[in-house]
Amino acid sequence: MTEFETIDGQLAVGGVPVERLAERVGSTPFFAYDRALLTARVGLLRAAMPADLQLSYAIKANPMPAVVQHMSGLVDSLDVASALEMRTALDTPTPPARVSFAGPGKTDTELRQAVAAGVTIELESENEAVRIARTGAALGVRPRVAVRVNPDFSVKGSGMRMGGGPQQFGVDAEKVPALLKTLAGTDLDVLGFHCFAGSQNLRAEIIQEAQQRTVELLLRLASEAHAPVRYLNLGGGFGIPYTSKDRPLNLTAIGENLAGLLRDEVRPRLPEARVVIELGRFLVGEAGVYVTRVIDRKESRGRTYLVVDGGLHHQLAASGNFGQVIRRNYPIAVANRIDAEPAEPVTVVGCLCTPLDLLGDEVTLPGADVGDLVVLYQAGAYGLTASPTAFLSHPAPAEVLL
Ligand SMILES: *Cc1c(COP(=O)(O)O)cnc(C)c1O
């Protein structure tokens, strides 16, 4: 979270100091993403992971087309969850077969587009399988699918749990063998399996255990497959630190564990399979900042408030209202005086007329005043597109990639 460069006492994104960047963008607030940090991040991950493990970018974390284009050049595949995300992915050089389309409730129109495009559809139910087969017959195209499995275990310590127990995601593991039998009688190209159990996990030992159990489960199911298994998507869920209490993930431990699983379990049985992990937040989350400008400074009964021109309508998660149980401050700084010593406790609030719009609760910052630029870090994932931009009817912020 401090990987951004400092130039002339200012935070810099892509080599541009923040005041100059604000002039270039023309208005605040805005999101700025750093291309070099994205590249470095993928490099860091690749260095820790086994060489024959492939990397997919889940673009819902940050679907800005320029970001997706850049990521396309770095990863092996792209994961999408809507028709518009699919279009963004298909605009990149990533081949359609390397685009996977997951998510419950895909409409007939979306399925038709996906089959026509030739992407890999991660099928989420028996009913969806029937609809995909019907679509393929209508278009004269053999759909490529992978079965998304709702595992028979759940992953503790995830910010969001998306597998185990009853779920809207995937097909319950115990029902998969019967589904595979049904699929064998249809004209679907069943490539393999997908399992995604949860998100925002910072505990390596839990991720390792989940990967171990996922591999065991998918290999068990692979032995029931009616066609060669060419695709195993093990999910992801790698978290990033958001608060001073969080520690970064131990990638080395995860990589070593995965290398052992691939070597000892997967390769002897599925030598040809493309083995994938799919990550969103971990790849892009730390490479972005949300830049706001102080428009008022006021005292109220002993508390100092900085009112900025942004807020939860752009960066909901920083206000603590995007799935958090306890509100904790996201890392925050006065970006145009980044080297100044912290001097006073202030409460940073957004411009929305609701007490929910709290961006920094009694944070210690260098003395800041009207016109200063306040940034929130960790804004590269689930920022703008995960926020209620229409709430209070303020203009949409710009997004730039440098
Ligand atoms: C959201 C999602 C991801 C990405 O999750 P992150 O926590 O951002 O890494 C990956 N795969 C699927 C199927 C998803 O729904």
# chains A, B, ... in the order shown; residues from 1 in each chain; ligands from 1

call {"tool": "select_by_dssp", "arguments": {"residues": "segment 103-279 of chain A", "states": "helix (DSSP H, G or I)", "output": "PyMOL selection string"}}
result
chain A and resi 108-117+126-139+173-184+204-222+251-269

call {"tool": "residues_near_ligand", "arguments": {"ligand": "ligand 1", "cutoff": "10 Å", "atoms": "only C-alpha atoms and all ligand atoms", "output": "ChimeraX atom specification"}}
result
/A:56-62,78-81,100-104,122,148,158-160,162,169-170,194-201,233-240,277-285,381-382

call {"tool": "residues_around", "arguments": {"residues": "segment 35-48 of chain A", "least_positions_apart": "6", "cutoff": "9 Å", "atoms": "only C-alpha atoms", "output": "PyMOL selection string"}}
result
chain A and resi 3-4+13-14+54-55+67+70-71+74-75+251-256+282-284+286-288+401-402

call {"tool": "closest_residue", "arguments": {"among": "A:Gly350, A:Asp108, A:Leu258, A:Gly9", "to": "Ile295 of chain A", "atoms": "only C-alpha atoms"}}
result
A:Gly350

call {"tool": "atom_distance", "arguments": {"atom1": "atom CA of Pro388 of chain A", "atom2": "atom CA of Phe31 of chain A"}}
result
15.3 Å

call {"tool": "residues_around", "arguments": {"residues": "Glu216 of chain A", "least_positions_apart": "5", "cutoff": "12 Å", "atoms": "only C-alpha atoms", "output": "MDAnalysis selection string"}}
result
chainID A and resid 151:153 173 195 209:211 221:223 232 234 261:262 264:266 269

call {"tool": "write_last_selection", "arguments": {"atoms": "N, CA, C and O atoms", "output": "mmCIF file, in the first residue's frame"}}
result
data_model
loop_
_atom_site.group_PDB
_atom_site.id
_atom_site.type_symbol
_atom_site.label_atom_id
_atom_site.label_comp_id
_atom_site.auth_asym_id
_atom_site.auth_seq_id
_atom_site.Cartn_x
_atom_site.Cartn_y
_atom_site.Cartn_z
ATOM 1 N N PRO A 151 -18.573 -26.794 -3.620
ATOM 2 C CA PRO A 151 -17.835 -27.846 -2.904
ATOM 3 C C PRO A 151 -18.604 -28.368 -1.688
ATOM 4 O O PRO A 151 -19.513 -27.716 -1.192
ATOM 5 N N ASP A 152 -18.171 -29.544 -1.235
ATOM 6 C CA ASP A 152 -18.794 -30.126 -0.042
ATOM 7 C C ASP A 152 -17.997 -29.728 1.206
ATOM 8 O O ASP A 152 -17.947 -30.437 2.189
ATOM 9 N N PHE A 153 -17.317 -28.584 1.105
ATOM 10 C CA PHE A 153 -16.633 -28.020 2.280
ATOM 11 C C PHE A 153 -16.754 -26.514 2.144
ATOM 12 O O PHE A 153 -17.089 -26.010 1.085
ATOM 13 N N ALA A 173 -21.569 -30.638 -5.293
ATOM 14 C CA ALA A 173 -20.591 -31.660 -5.678
ATOM 15 C C ALA A 173 -21.229 -33.043 -5.835
ATOM 16 O O ALA A 173 -20.932 -33.771 -6.791
ATOM 17 N N CYS A 195 -14.103 -24.339 -9.403
ATOM 18 C CA CYS A 195 -14.571 -24.279 -8.022
ATOM 19 C C CYS A 195 -14.045 -22.983 -7.413
ATOM 20 O O CYS A 195 -12.836 -22.738 -7.416
ATOM 21 N N GLU A 209 -5.307 -25.106 2.509
ATOM 22 C CA GLU A 209 -6.216 -26.216 2.802
ATOM 23 C C GLU A 209 -7.353 -26.244 1.777
ATOM 24 O O GLU A 209 -7.737 -27.317 1.293
ATOM 25 N N ALA A 210 -7.868 -25.058 1.438
ATOM 26 C CA ALA A 210 -8.957 -25.003 0.455
ATOM 27 C C ALA A 210 -8.474 -25.547 -0.884
ATOM 28 O O ALA A 210 -9.198 -26.291 -1.566
ATOM 29 N N GLN A 211 -7.243 -25.198 -1.281
ATOM 30 C CA GLN A 211 -6.742 -25.670 -2.569
ATOM 31 C C GLN A 211 -6.543 -27.181 -2.551
ATOM 32 O O GLN A 211 -6.845 -27.877 -3.521
ATOM 33 N N LEU A 221 -14.078 -35.911 -9.093
ATOM 34 C CA LEU A 221 -15.111 -35.695 -10.120
ATOM 35 C C LEU A 221 -14.559 -35.979 -11.517
ATOM 36 O O LEU A 221 -15.268 -36.495 -12.379
ATOM 37 N N ALA A 222 -13.271 -35.647 -11.709
ATOM 38 C CA ALA A 222 -12.665 -35.872 -13.027
ATOM 39 C C ALA A 222 -12.691 -37.358 -13.379
ATOM 40 O O ALA A 222 -12.810 -37.739 -14.545
ATOM 41 N N SER A 223 -12.598 -38.208 -12.352
ATOM 42 C CA SER A 223 -12.601 -39.648 -12.628
ATOM 43 C C SER A 223 -13.981 -40.110 -13.109
ATOM 44 O O SER A 223 -14.139 -41.213 -13.606
ATOM 45 N N LEU A 232 -8.938 -27.255 -15.189
ATOM 46 C CA LEU A 232 -9.241 -27.294 -13.758
ATOM 47 C C LEU A 232 -9.035 -25.892 -13.211
ATOM 48 O O LEU A 232 -7.901 -25.402 -13.161
ATOM 49 N N LEU A 234 -9.114 -23.721 -10.024
ATOM 50 C CA LEU A 234 -9.100 -23.945 -8.574
ATOM 51 C C LEU A 234 -9.607 -22.752 -7.780
ATOM 52 O O LEU A 234 -9.531 -22.743 -6.555
ATOM 53 N N LEU A 261 0.940 -29.943 -4.925
ATOM 54 C CA LEU A 261 -0.345 -30.514 -5.372
ATOM 55 C C LEU A 261 -0.319 -30.816 -6.866
ATOM 56 O O LEU A 261 -0.790 -31.869 -7.297
ATOM 57 N N LEU A 262 0.241 -29.896 -7.638
ATOM 58 C CA LEU A 262 0.300 -30.121 -9.089
ATOM 59 C C LEU A 262 1.188 -31.321 -9.400
ATOM 60 O O LEU A 262 0.812 -32.199 -10.184
ATOM 61 N N ASP A 264 2.276 -33.845 -7.422
ATOM 62 C CA ASP A 264 1.955 -35.155 -6.860
ATOM 63 C C ASP A 264 0.537 -35.630 -7.171
ATOM 64 O O ASP A 264 0.290 -36.833 -7.224
ATOM 65 N N GLU A 265 -0.391 -34.699 -7.315
ATOM 66 C CA GLU A 265 -1.800 -35.104 -7.458
ATOM 67 C C GLU A 265 -2.336 -34.894 -8.881
ATOM 68 O O GLU A 265 -2.918 -35.794 -9.469
ATOM 69 N N VAL A 266 -2.128 -33.685 -9.394
ATOM 70 C CA VAL A 266 -2.809 -33.344 -10.649
ATOM 71 C C VAL A 266 -2.080 -33.925 -11.856
ATOM 72 O O VAL A 266 -2.676 -34.626 -12.682
ATOM 73 N N ARG A 269 -2.325 -37.557 -12.995
ATOM 74 C CA ARG A 269 -3.634 -38.021 -13.456
ATOM 75 C C ARG A 269 -4.174 -37.204 -14.617
ATOM 76 O O ARG A 269 -4.899 -37.727 -15.464
#

call {"tool": "select_by_dssp", "arguments": {"residues": "segment 71-275 of chain A", "states": "strand (DSSP E or B)", "output": "compact mmCIF listing (two decimals) with N, CA and C atoms, in the first residue's frame"}}
result
# COMPACT_ATOMS: atom_id res chain seq x y z
N SER A 77 -5.72 -15.85 -18.96
CA SER A 77 -7.14 -15.86 -19.31
C SER A 77 -7.88 -14.80 -18.52
N LEU A 78 -9.11 -14.54 -18.97
CA LEU A 78 -9.93 -13.51 -18.33
C LEU A 78 -11.24 -14.15 -17.90
N ASP A 79 -11.70 -13.79 -16.70
CA ASP A 79 -12.97 -14.31 -16.21
C ASP A 79 -13.99 -13.17 -16.19
N VAL A 80 -15.16 -13.43 -16.77
CA VAL A 80 -16.18 -12.37 -16.85
C VAL A 80 -17.47 -12.87 -16.20
N VAL A 99 -11.52 -16.97 -22.40
CA VAL A 99 -12.43 -16.13 -21.61
C VAL A 99 -13.43 -17.07 -20.96
N SER A 100 -13.56 -17.00 -19.64
CA SER A 100 -14.55 -17.84 -18.96
C SER A 100 -15.66 -16.95 -18.44
N PHE A 101 -16.87 -17.46 -18.54
CA PHE A 101 -18.05 -16.69 -18.18
C PHE A 101 -18.74 -17.41 -17.03
N THR A 120 -15.67 -19.95 -22.80
CA THR A 120 -15.93 -21.10 -21.94
C THR A 120 -16.98 -20.70 -20.90
N ILE A 121 -18.12 -21.38 -20.94
CA ILE A 121 -19.18 -21.03 -20.00
C ILE A 121 -19.07 -21.91 -18.76
N GLU A 122 -18.97 -21.27 -17.60
CA GLU A 122 -18.89 -22.04 -16.37
C GLU A 122 -20.32 -22.26 -15.90
N LEU A 123 -20.79 -23.47 -16.11
CA LEU A 123 -22.22 -23.67 -15.92
C LEU A 123 -22.56 -23.88 -14.47
N ARG A 144 -18.64 -24.56 -25.40
CA ARG A 144 -17.58 -25.02 -24.49
C ARG A 144 -18.02 -24.70 -23.08
N VAL A 145 -18.04 -25.73 -22.23
CA VAL A 145 -18.47 -25.49 -20.86
C VAL A 145 -17.51 -26.13 -19.86
N ALA A 146 -17.54 -25.59 -18.65
CA ALA A 146 -16.90 -26.23 -17.50
C ALA A 146 -17.95 -26.24 -16.39
N VAL A 147 -17.93 -27.28 -15.60
CA VAL A 147 -18.94 -27.39 -14.54
C VAL A 147 -18.43 -26.67 -13.29
N ARG A 148 -19.19 -25.66 -12.86
CA ARG A 148 -18.83 -25.01 -11.60
C ARG A 148 -19.40 -25.84 -10.47
N VAL A 149 -18.51 -26.22 -9.56
CA VAL A 149 -18.88 -27.14 -8.49
C VAL A 149 -19.04 -26.37 -7.19
N ASN A 150 -20.17 -26.56 -6.53
CA ASN A 150 -20.32 -26.06 -5.16
C ASN A 150 -19.72 -27.12 -4.25
N MET A 160 -15.92 -13.04 1.91
CA MET A 160 -17.19 -13.45 1.33
C MET A 160 -17.12 -14.92 1.00
N ARG A 161 -18.08 -15.70 1.53
CA ARG A 161 -18.07 -17.13 1.27
C ARG A 161 -18.94 -17.42 0.07
N VAL A 171 -22.97 -26.27 -9.05
CA VAL A 171 -23.77 -27.48 -8.88
C VAL A 171 -23.20 -28.21 -7.67
N ASP A 172 -24.04 -28.61 -6.75
CA ASP A 172 -23.57 -29.31 -5.56
C ASP A 172 -22.70 -30.50 -5.96
N ASP A 189 -19.18 -29.38 -25.30
CA ASP A 189 -17.77 -29.74 -25.11
C ASP A 189 -17.43 -29.47 -23.64
N VAL A 190 -17.45 -30.53 -22.83
CA VAL A 190 -17.24 -30.36 -21.39
C VAL A 190 -15.73 -30.39 -21.11
N LEU A 191 -15.18 -29.21 -20.83
CA LEU A 191 -13.72 -29.09 -20.70
C LEU A 191 -13.20 -29.53 -19.35
N GLY A 192 -14.00 -29.31 -18.32
CA GLY A 192 -13.50 -29.64 -16.98
C GLY A 192 -14.31 -28.97 -15.91
N PHE A 193 -13.61 -28.53 -14.87
CA PHE A 193 -14.31 -28.09 -13.65
C PHE A 193 -13.77 -26.77 -13.12
N HIS A 194 -14.64 -26.13 -12.36
CA HIS A 194 -14.34 -24.84 -11.75
C HIS A 194 -14.87 -24.88 -10.33
N GLY A 198 -14.45 -18.69 -2.15
CA GLY A 198 -14.54 -17.50 -1.31
C GLY A 198 -13.54 -16.44 -1.72
N SER A 199 -13.62 -15.31 -1.06
CA SER A 199 -12.92 -14.10 -1.50
C SER A 199 -12.24 -13.43 -0.30
N ASN A 201 -9.31 -13.56 1.38
CA ASN A 201 -8.74 -14.35 2.47
C ASN A 201 -7.28 -13.97 2.64
N TYR A 231 -9.33 -28.81 -18.23
CA TYR A 231 -9.41 -27.52 -17.54
C TYR A 231 -9.77 -27.75 -16.08
N LEU A 232 -8.94 -27.25 -15.19
CA LEU A 232 -9.24 -27.29 -13.76
C LEU A 232 -9.04 -25.89 -13.21
N ASN A 233 -10.12 -25.26 -12.82
CA ASN A 233 -10.01 -23.92 -12.26
C ASN A 233 -10.20 -24.02 -10.75
N LEU A 234 -9.11 -23.72 -10.02
CA LEU A 234 -9.10 -23.94 -8.57
C LEU A 234 -9.61 -22.75 -7.78
N GLY A 235 -10.10 -21.71 -8.45
CA GLY A 235 -10.58 -20.54 -7.72
C GLY A 235 -9.44 -19.66 -7.28
N GLY A 236 -9.64 -18.91 -6.22
CA GLY A 236 -8.59 -17.98 -5.79
C GLY A 236 -8.86 -17.50 -4.38
N PHE A 238 -7.47 -14.82 -2.95
CA PHE A 238 -6.33 -14.17 -2.30
C PHE A 238 -6.71 -12.75 -1.88
N ARG A 274 -5.21 -27.67 -18.27
CA ARG A 274 -4.84 -26.30 -17.99
C ARG A 274 -5.32 -26.03 -16.56
N VAL A 275 -4.37 -25.83 -15.63
CA VAL A 275 -4.74 -25.60 -14.24
C VAL A 275 -4.63 -24.10 -13.96

call {"tool": "residues_around", "arguments": {"residues": "Pro29 of chain A", "least_positions_apart": "4", "cutoff": "7 Å", "atoms": "only C-alpha atoms", "output": "VMD selection string"}}
result
chain A and resid 291 to 293 309 to 310 397

call {"tool": "decode", "arguments": {"residues": "segment 258-300 of chain A", "atoms": "N, CA and C atoms", "output": "PDB file, in the first residue's frame"}}
result
ATOM      1  N   LEU A 258       0.947 -25.347  -3.711  1.00  0.00           N
ATOM      2  CA  LEU A 258       0.339 -25.620  -5.018  1.00  0.00           C
ATOM      3  C   LEU A 258       1.281 -26.430  -5.908  1.00  0.00           C
ATOM      4  N   ALA A 259       2.564 -26.109  -5.838  1.00  0.00           N
ATOM      5  CA  ALA A 259       3.537 -26.850  -6.642  1.00  0.00           C
ATOM      6  C   ALA A 259       3.492 -28.326  -6.276  1.00  0.00           C
ATOM      7  N   GLY A 260       3.415 -28.607  -4.974  1.00  0.00           N
ATOM      8  CA  GLY A 260       3.335 -29.993  -4.513  1.00  0.00           C
ATOM      9  C   GLY A 260       2.057 -30.665  -5.005  1.00  0.00           C
ATOM     10  N   LEU A 261       0.940 -29.943  -4.925  1.00  0.00           N
ATOM     11  CA  LEU A 261      -0.345 -30.514  -5.372  1.00  0.00           C
ATOM     12  C   LEU A 261      -0.319 -30.816  -6.866  1.00  0.00           C
ATOM     13  N   LEU A 262       0.241 -29.896  -7.638  1.00  0.00           N
ATOM     14  CA  LEU A 262       0.300 -30.121  -9.089  1.00  0.00           C
ATOM     15  C   LEU A 262       1.188 -31.321  -9.400  1.00  0.00           C
ATOM     16  N   ARG A 263       2.358 -31.336  -8.778  1.00  0.00           N
ATOM     17  CA  ARG A 263       3.331 -32.391  -9.081  1.00  0.00           C
ATOM     18  C   ARG A 263       2.827 -33.767  -8.644  1.00  0.00           C
ATOM     19  N   ASP A 264       2.276 -33.845  -7.422  1.00  0.00           N
ATOM     20  CA  ASP A 264       1.955 -35.155  -6.860  1.00  0.00           C
ATOM     21  C   ASP A 264       0.537 -35.630  -7.171  1.00  0.00           C
ATOM     22  N   GLU A 265      -0.391 -34.699  -7.315  1.00  0.00           N
ATOM     23  CA  GLU A 265      -1.800 -35.104  -7.458  1.00  0.00           C
ATOM     24  C   GLU A 265      -2.336 -34.894  -8.881  1.00  0.00           C
ATOM     25  N   VAL A 266      -2.128 -33.685  -9.394  1.00  0.00           N
ATOM     26  CA  VAL A 266      -2.809 -33.344 -10.649  1.00  0.00           C
ATOM     27  C   VAL A 266      -2.080 -33.925 -11.856  1.00  0.00           C
ATOM     28  N   ARG A 267      -0.773 -33.644 -11.960  1.00  0.00           N
ATOM     29  CA  ARG A 267      -0.056 -34.037 -13.191  1.00  0.00           C
ATOM     30  C   ARG A 267      -0.056 -35.534 -13.470  1.00  0.00           C
ATOM     31  N   PRO A 268       0.122 -36.388 -12.431  1.00  0.00           N
ATOM     32  CA  PRO A 268       0.099 -37.824 -12.737  1.00  0.00           C
ATOM     33  C   PRO A 268      -1.238 -38.267 -13.329  1.00  0.00           C
ATOM     34  N   ARG A 269      -2.325 -37.557 -12.995  1.00  0.00           N
ATOM     35  CA  ARG A 269      -3.634 -38.021 -13.456  1.00  0.00           C
ATOM     36  C   ARG A 269      -4.174 -37.204 -14.617  1.00  0.00           C
ATOM     37  N   LEU A 270      -3.861 -35.921 -14.648  1.00  0.00           N
ATOM     38  CA  LEU A 270      -4.354 -35.067 -15.741  1.00  0.00           C
ATOM     39  C   LEU A 270      -3.182 -34.297 -16.337  1.00  0.00           C
ATOM     40  N   PRO A 271      -2.294 -34.984 -17.052  1.00  0.00           N
ATOM     41  CA  PRO A 271      -1.075 -34.311 -17.521  1.00  0.00           C
ATOM     42  C   PRO A 271      -1.358 -33.124 -18.436  1.00  0.00           C
ATOM     43  N   GLU A 272      -2.490 -33.157 -19.137  1.00  0.00           N
ATOM     44  CA  GLU A 272      -2.741 -32.139 -20.157  1.00  0.00           C
ATOM     45  C   GLU A 272      -3.564 -30.953 -19.650  1.00  0.00           C
ATOM     46  N   ALA A 273      -4.132 -31.072 -18.463  1.00  0.00           N
ATOM     47  CA  ALA A 273      -5.120 -30.064 -18.052  1.00  0.00           C
ATOM     48  C   ALA A 273      -4.478 -28.690 -17.836  1.00  0.00           C
ATOM     49  N   ARG A 274      -5.213 -27.674 -18.271  1.00  0.00           N
ATOM     50  CA  ARG A 274      -4.842 -26.300 -17.986  1.00  0.00           C
ATOM     51  C   ARG A 274      -5.319 -26.034 -16.559  1.00  0.00           C
ATOM     52  N   VAL A 275      -4.370 -25.828 -15.632  1.00  0.00           N
ATOM     53  CA  VAL A 275      -4.741 -25.596 -14.236  1.00  0.00           C
ATOM     54  C   VAL A 275      -4.628 -24.100 -13.957  1.00  0.00           C
ATOM     55  N   VAL A 276      -5.709 -23.554 -13.433  1.00  0.00           N
ATOM     56  CA  VAL A 276      -5.861 -22.098 -13.367  1.00  0.00           C
ATOM     57  C   VAL A 276      -6.227 -21.666 -11.958  1.00  0.00           C
ATOM     58  N   ILE A 277      -5.681 -20.526 -11.521  1.00  0.00           N
ATOM     59  CA  ILE A 277      -6.311 -19.825 -10.403  1.00  0.00           C
ATOM     60  C   ILE A 277      -6.833 -18.503 -10.947  1.00  0.00           C
ATOM     61  N   GLU A 278      -7.951 -18.050 -10.405  1.00  0.00           N
ATOM     62  CA  GLU A 278      -8.522 -16.800 -10.911  1.00  0.00           C
ATOM     63  C   GLU A 278      -8.620 -15.800  -9.783  1.00  0.00           C
ATOM     64  N   LEU A 279      -8.040 -14.639 -10.034  1.00  0.00           N
ATOM     65  CA  LEU A 279      -7.949 -13.609  -9.009  1.00  0.00           C
ATOM     66  C   LEU A 279      -8.391 -12.273  -9.565  1.00  0.00           C
ATOM     67  N   GLY A 280      -9.044 -11.497  -8.725  1.00  0.00           N
ATOM     68  CA  GLY A 280      -9.404 -10.135  -9.100  1.00  0.00           C
ATOM     69  C   GLY A 280      -8.680  -9.160  -8.189  1.00  0.00           C
ATOM     70  N   ARG A 281      -9.199  -9.059  -6.993  1.00  0.00           N
ATOM     71  CA  ARG A 281      -8.715  -8.091  -6.018  1.00  0.00           C
ATOM     72  C   ARG A 281      -7.191  -8.108  -5.835  1.00  0.00           C
ATOM     73  N   PHE A 282      -6.641  -9.320  -5.716  1.00  0.00           N
ATOM     74  CA  PHE A 282      -5.211  -9.410  -5.424  1.00  0.00           C
ATOM     75  C   PHE A 282      -4.370  -8.791  -6.543  1.00  0.00           C
ATOM     76  N   LEU A 283      -4.856  -8.904  -7.777  1.00  0.00           N
ATOM     77  CA  LEU A 283      -4.058  -8.420  -8.910  1.00  0.00           C
ATOM     78  C   LEU A 283      -4.121  -6.902  -9.071  1.00  0.00           C
ATOM     79  N   VAL A 284      -5.269  -6.318  -8.774  1.00  0.00           N
ATOM     80  CA  VAL A 284      -5.452  -4.894  -9.110  1.00  0.00           C
ATOM     81  C   VAL A 284      -5.710  -3.984  -7.910  1.00  0.00           C
ATOM     82  N   GLY A 285      -6.083  -4.571  -6.784  1.00  0.00           N
ATOM     83  CA  GLY A 285      -6.570  -3.755  -5.658  1.00  0.00           C
ATOM     84  C   GLY A 285      -5.572  -2.731  -5.154  1.00  0.00           C
ATOM     85  N   GLU A 286      -4.307  -3.113  -5.077  1.00  0.00           N
ATOM     86  CA  GLU A 286      -3.308  -2.219  -4.482  1.00  0.00           C
ATOM     87  C   GLU A 286      -2.712  -1.256  -5.505  1.00  0.00           C
ATOM     88  N   ALA A 287      -3.109  -1.391  -6.756  1.00  0.00           N
ATOM     89  CA  ALA A 287      -2.518  -0.556  -7.815  1.00  0.00           C
ATOM     90  C   ALA A 287      -3.350   0.691  -8.098  1.00  0.00           C
ATOM     91  N   GLY A 288      -4.353   0.965  -7.272  1.00  0.00           N
ATOM     92  CA  GLY A 288      -5.213   2.111  -7.540  1.00  0.00           C
ATOM     93  C   GLY A 288      -5.415   2.995  -6.322  1.00  0.00           C
ATOM     94  N   VAL A 289      -5.586   4.281  -6.576  1.00  0.00           N
ATOM     95  CA  VAL A 289      -5.948   5.236  -5.519  1.00  0.00           C
ATOM     96  C   VAL A 289      -7.187   6.012  -5.955  1.00  0.00           C
ATOM     97  N   TYR A 290      -7.910   6.455  -4.947  1.00  0.00           N
ATOM     98  CA  TYR A 290      -9.073   7.331  -5.171  1.00  0.00           C
ATOM     99  C   TYR A 290      -8.659   8.709  -4.659  1.00  0.00           C
ATOM    100  N   VAL A 291      -8.642   9.673  -5.565  1.00  0.00           N
ATOM    101  CA  VAL A 291      -8.107  11.001  -5.240  1.00  0.00           C
ATOM    102  C   VAL A 291      -9.263  11.989  -5.057  1.00  0.00           C
ATOM    103  N   THR A 292      -9.298  12.628  -3.910  1.00  0.00           N
ATOM    104  CA  THR A 292     -10.351  13.611  -3.620  1.00  0.00           C
ATOM    105  C   THR A 292      -9.709  14.929  -3.211  1.00  0.00           C
ATOM    106  N   ARG A 293     -10.495  16.004  -3.255  1.00  0.00           N
ATOM    107  CA  ARG A 293      -9.980  17.299  -2.821  1.00  0.00           C
ATOM    108  C   ARG A 293     -10.772  17.794  -1.617  1.00  0.00           C
ATOM    109  N   VAL A 294     -10.053  18.396  -0.684  1.00  0.00           N
ATOM    110  CA  VAL A 294     -10.718  18.942   0.509  1.00  0.00           C
ATOM    111  C   VAL A 294     -11.492  20.190   0.091  1.00  0.00           C
ATOM    112  N   ILE A 295     -12.798  20.191   0.375  1.00  0.00           N
ATOM    113  CA  ILE A 295     -13.576  21.393   0.042  1.00  0.00           C
ATOM    114  C   ILE A 295     -14.027  22.154   1.269  1.00  0.00           C
ATOM    115  N   ASP A 296     -13.884  21.562   2.439  1.00  0.00           N
ATOM    116  CA  ASP A 296     -14.202  22.314   3.655  1.00  0.00           C
ATOM    117  C   ASP A 296     -13.421  21.714   4.813  1.00  0.00           C
ATOM    118  N   ARG A 297     -13.122  22.593   5.754  1.00  0.00           N
ATOM    119  CA  ARG A 297     -12.512  22.142   7.003  1.00  0.00           C
ATOM    120  C   ARG A 297     -13.304  22.816   8.099  1.00  0.00           C
ATOM    121  N   LYS A 298     -13.788  22.047   9.024  1.00  0.00           N
ATOM    122  CA  LYS A 298     -14.615  22.651  10.075  1.00  0.00           C
ATOM    123  C   LYS A 298     -14.405  21.961  11.407  1.00  0.00           C
ATOM    124  N   GLU A 299     -14.704  22.707  12.457  1.00  0.00           N
ATOM    125  CA  GLU A 299     -14.610  22.163  13.811  1.00  0.00           C
ATOM    126  C   GLU A 299     -16.032  21.944  14.312  1.00  0.00           C
ATOM    127  N   SER A 300     -16.252  20.843  14.986  1.00  0.00           N
ATOM    128  CA  SER A 300     -17.545  20.647  15.638  1.00  0.00           C
ATOM    129  C   SER A 300     -17.326  20.033  17.003  1.00  0.00           C
TER     130      SER A 300
END
